[in-house]
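All remarks here apply to the structure that follows.
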Amino acid sequence: MASLLLAVIYLAFVSLGLPDSLLGSAWPTMQTVMEVPSSYAGYVSMTIAFMTIVSSLLSPRLIRKFETKWIVICSIALTVLGLIGFSCSNRYWMLFLFSVPYGLGAGSVDASLNHYVASHYSSRVMNFLHCFYGLGAVISPNIMALALKYARWNEGYRWTAFIQAGILLVCILSLPLWNANGHSDEDDGETAGIREVWKVPGVALTLIAFFSYCAGEATCFLWTSSYFAGTKEGMSQELVASFGSLIFGGLMLGRLIAGFISDRLGDKKLIRIGIAVEAVGILLVLIPSPQYYFAMAGFLIIGTGMGPVYPAIQHMAPANFGKKCSAAVIGLQMASAYVGSTFMPTVFGYLQQGVGIWIMPLYLLAFAVLNFVFLELAYRAIAKNS
């Protein structure tokens, strides 16, 4: 039963990844159809991320009041609604309307499942969990590429909604597994609120680091396809759209590798190695070339380096801050992460309009450095407090 439940949790994380990469893959085509500037993708992304922040901040309260399984089911249902809404949108303003359920569905399921797995499973399971997020995020740009080739961008969202609905059905059918597993939400005992955990040493530094990580990650999610469209020539729309899966393929690969070595290396070493690999990928993208091969390899390596960072930070929360604080800390981490996801891709949208999209790797490098520095400061603050 425990193995079956874990498989369902992995599938739920596939559903979490499916919607995240669609906008970046489809946007070069969507902006033309809707007759809006390229930077307008940032406003839609910002709305989705803002709603995710709201649901992340509510997650500690939801975790106290409801079982994880119900949070998962309701959240996936909201993303299905958002995807169907996007597929029916033929005006730019309609995207904002359906960004509300699109974003609300992501935050609570992300925080609740991360808290559940961090509390009950090893670092290996956490990395594999986020590997399946990468799988979902790799699948959807390729669905969008097929839709652009054989139909329209709207169909890419519709086909993804059908897959998401299938996952929702599996989660509903698996409800009895949660009771049979032996890990109940009541095992967590009393949990601290968001106001309490602000005073815990290292929390604020971790939040800044998480902000920096997701600022770089979300910029890649939204602008990778546009980077190729703006810096390389002679590529078809479907090829440009498919490049949106590079960062997600790298994330999946990085988390798959980390799943096999995480128990041996530990979370801190995984993060340090990951950021170093990310820097190598950024340097590859910086190589000036009219061909897309260096940039293609670079974005794949950037994703591979980023891969273990997110799950490792989440998995360390109970050990660093205690189980009582972990739900609130993870909720705050998710919120700070999505603040980075909300604003920094939009900031980059304005920056690339003024300077040129070629500046993207330098933008990513700045946030990689911030991520590393603030995590190291957080480790010191936690060690000093211990």
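Quick note on naming: the chains in the structure tokens go A, B, ... in the order shown, residues restart at 1 in each chain, and ligands are numbered from 1 in order of appearance.
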Polymer residues at most 7 Å from Ser45 in chain A, only C-alpha atoms, same-chain spacing of 4 or more positions, as a tab-separated table (two decimals) with all heavy atoms, in the first residue's frame:
```tsv
chain	number	residue	atom	x	y	z
A	41	ALA	N	3.73	38.56	-21.59
A	41	ALA	CA	3.72	37.24	-20.97
A	41	ALA	C	3.99	37.35	-19.47
A	41	ALA	O	3.47	36.57	-18.67
A	41	ALA	CB	4.78	36.35	-21.62
A	49	ALA	N	1.45	33.36	-10.62
A	49	ALA	CA	2.34	33.22	-9.47
A	49	ALA	C	1.78	33.90	-8.23
A	49	ALA	O	1.95	33.41	-7.12
A	49	ALA	CB	3.72	33.78	-9.81
A	342	THR	N	6.91	35.49	-9.61
A	342	THR	CA	5.93	36.49	-10.02
A	342	THR	C	6.59	37.69	-10.69
A	342	THR	O	6.20	38.11	-11.78
A	342	THR	CB	5.12	36.98	-8.81
A	342	THR	OG1	4.45	35.87	-8.22
A	342	THR	CG2	4.09	38.02	-9.20
```
- Enumerate as a ChimeraX atom specification all residues of range 88-306 of chain A assigned to alpha helix (DSSP H) by DSSP on the backbone, naming them with the chain letters and numbers the document uses. /A:88,92-120,123-150,153-173,175-180,194-197,203-231,237-242,246-265,267-286,293-306
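We find CA of Arg264 in chain A and CA of Leu364 in chain A to be spaced 29.0 Å apart.
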For each of A:Phe211, A:Tyr292, A:Phe128, A:Tyr310, take the minimum atom-to-atom distance to Arg255 in chain A, counting only C-alpha atoms, then give the residue where this is smallest.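 Selected residue with least distance to Arg255 in chain A: A:Phe128.
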If you count only C-alpha atoms, the residue of A:Ser59, A:Phe367, A:Ala295, A:Leu256 closest to Leu283 in chain A turns out to be A:Ala295
Quiz item: Near Gly85 in chain A, counting only C-alpha atoms, which residues have an atom at most 8 Å away, once you skip same-chain residues fewer than 3 positions from it, shown as a PyMOL selection string?
Solution: chain A and resi 81-82+88-89+95+98
List the neighbours of Pro101 in chain A out to 9 Å using only C-alpha atoms; skip same-chain residues closer than 3 positions along the sequence, and give me the result as a PyMOL selection string. chain A and resi 48+51+75+77-83+97-98+104-106
*Would you kindly return, as a list in words, each protein, DNA or RNA residue with an atom no farther than 7 Å from any atom of range 193-209 of chain A, considering only C-alpha atoms and excluding same-chain residues fewer than 6 positions away?*
Cys325, Ala328, Val329, Gln333, Ser336, Leu370, Asn371, Phe374, Leu375, Leu377, Ala378, Ala381, Ile382 and Asn385 of chain A
Generate the output file for the selected residues, all heavy atoms, as a short mmCIF file (atom, residue, chain, number, x, y, z; two decimals), in the first residue's frame.
```cif
data_model
loop_
_atom_site.label_atom_id
_atom_site.label_comp_id
_atom_site.auth_asym_id
_atom_site.auth_seq_id
_atom_site.Cartn_x
_atom_site.Cartn_y
_atom_site.Cartn_z
N CYS A 325 7.71 23.58 13.17
CA CYS A 325 7.79 24.76 12.33
C CYS A 325 7.79 24.43 10.83
O CYS A 325 7.65 25.33 10.00
CB CYS A 325 9.06 25.55 12.64
SG CYS A 325 9.11 26.25 14.30
N ALA A 328 4.88 25.61 8.36
CA ALA A 328 4.86 27.05 8.14
C ALA A 328 6.08 27.51 7.36
O ALA A 328 5.98 28.39 6.49
CB ALA A 328 4.79 27.78 9.48
N VAL A 329 7.26 26.93 7.66
CA VAL A 329 8.48 27.30 6.93
C VAL A 329 8.34 26.94 5.46
O VAL A 329 8.67 27.75 4.57
CB VAL A 329 9.72 26.62 7.54
CG1 VAL A 329 10.93 26.79 6.64
CG2 VAL A 329 10.02 27.19 8.92
N GLN A 333 8.48 29.38 2.40
CA GLN A 333 9.44 29.16 1.31
C GLN A 333 8.74 29.16 -0.04
O GLN A 333 9.22 29.75 -1.01
CB GLN A 333 10.18 27.84 1.54
CG GLN A 333 11.23 27.89 2.63
CD GLN A 333 11.89 26.54 2.87
OE1 GLN A 333 11.40 25.51 2.42
NE2 GLN A 333 12.99 26.54 3.59
N SER A 336 7.78 32.79 -0.87
CA SER A 336 8.93 33.59 -1.31
C SER A 336 9.41 33.14 -2.68
O SER A 336 9.82 33.95 -3.51
CB SER A 336 10.06 33.51 -0.29
OG SER A 336 10.58 32.19 -0.21
N LEU A 370 23.34 34.87 -5.86
CA LEU A 370 22.54 35.24 -4.69
C LEU A 370 22.02 34.01 -3.96
O LEU A 370 22.03 33.95 -2.72
CB LEU A 370 21.37 36.12 -5.12
CG LEU A 370 21.70 37.56 -5.53
CD1 LEU A 370 20.46 38.25 -6.09
CD2 LEU A 370 22.24 38.35 -4.34
N ASN A 371 21.58 33.03 -4.70
CA ASN A 371 21.09 31.78 -4.11
C ASN A 371 22.17 31.12 -3.27
O ASN A 371 21.93 30.74 -2.11
CB ASN A 371 20.62 30.85 -5.25
CG ASN A 371 20.02 29.55 -4.74
OD1 ASN A 371 19.51 29.47 -3.63
ND2 ASN A 371 20.08 28.53 -5.56
N PHE A 374 23.21 33.37 0.04
CA PHE A 374 22.24 33.42 1.14
C PHE A 374 22.00 32.04 1.76
O PHE A 374 21.69 31.96 2.96
CB PHE A 374 20.93 34.05 0.67
CG PHE A 374 20.99 35.56 0.65
CD1 PHE A 374 21.26 36.24 -0.53
CD2 PHE A 374 20.83 36.28 1.81
CE1 PHE A 374 21.34 37.62 -0.54
CE2 PHE A 374 20.91 37.66 1.82
CZ PHE A 374 21.16 38.33 0.63
N LEU A 375 22.15 30.98 1.01
CA LEU A 375 22.06 29.65 1.61
C LEU A 375 23.23 29.41 2.55
O LEU A 375 23.05 28.86 3.65
CB LEU A 375 22.03 28.57 0.53
CG LEU A 375 20.66 28.30 -0.11
CD1 LEU A 375 20.80 27.27 -1.23
CD2 LEU A 375 19.66 27.82 0.92
N LEU A 377 24.89 31.65 4.19
CA LEU A 377 24.63 32.47 5.39
C LEU A 377 23.58 31.80 6.29
O LEU A 377 23.69 31.84 7.52
CB LEU A 377 24.17 33.87 4.97
CG LEU A 377 25.21 34.77 4.31
CD1 LEU A 377 24.56 36.05 3.80
CD2 LEU A 377 26.36 35.10 5.28
N ALA A 378 22.58 31.19 5.66
CA ALA A 378 21.52 30.50 6.43
C ALA A 378 22.11 29.32 7.20
O ALA A 378 21.77 29.10 8.37
CB ALA A 378 20.41 30.04 5.51
N ALA A 381 23.83 30.62 10.28
CA ALA A 381 22.89 31.08 11.30
C ALA A 381 22.23 29.91 12.03
O ALA A 381 22.06 29.93 13.24
CB ALA A 381 21.82 31.97 10.65
N ILE A 382 21.89 28.85 11.28
CA ILE A 382 21.27 27.67 11.88
C ILE A 382 22.25 26.95 12.78
O ILE A 382 21.91 26.52 13.89
CB ILE A 382 20.75 26.72 10.77
CG1 ILE A 382 19.57 27.38 10.02
CG2 ILE A 382 20.31 25.38 11.35
CD1 ILE A 382 19.24 26.72 8.71
N ASN A 385 22.77 28.87 16.03
CA ASN A 385 21.62 28.72 16.92
C ASN A 385 21.59 27.35 17.57
O ASN A 385 21.23 27.21 18.74
CB ASN A 385 20.34 28.94 16.12
CG ASN A 385 19.09 28.87 16.99
OD1 ASN A 385 18.97 29.59 17.96
ND2 ASN A 385 18.17 27.98 16.63
#
```
Restricting to only C-alpha atoms, whichever of A:Ile257, A:Ile359, A:Met30, A:Val339 is closest to Ala215 in chain A is A:Val339
Restricting to only C-alpha atoms, whichever of A:Pro60, A:Gly250, A:Gly136, A:Gly303 is closest to Ile330 in chain A is A:Pro60
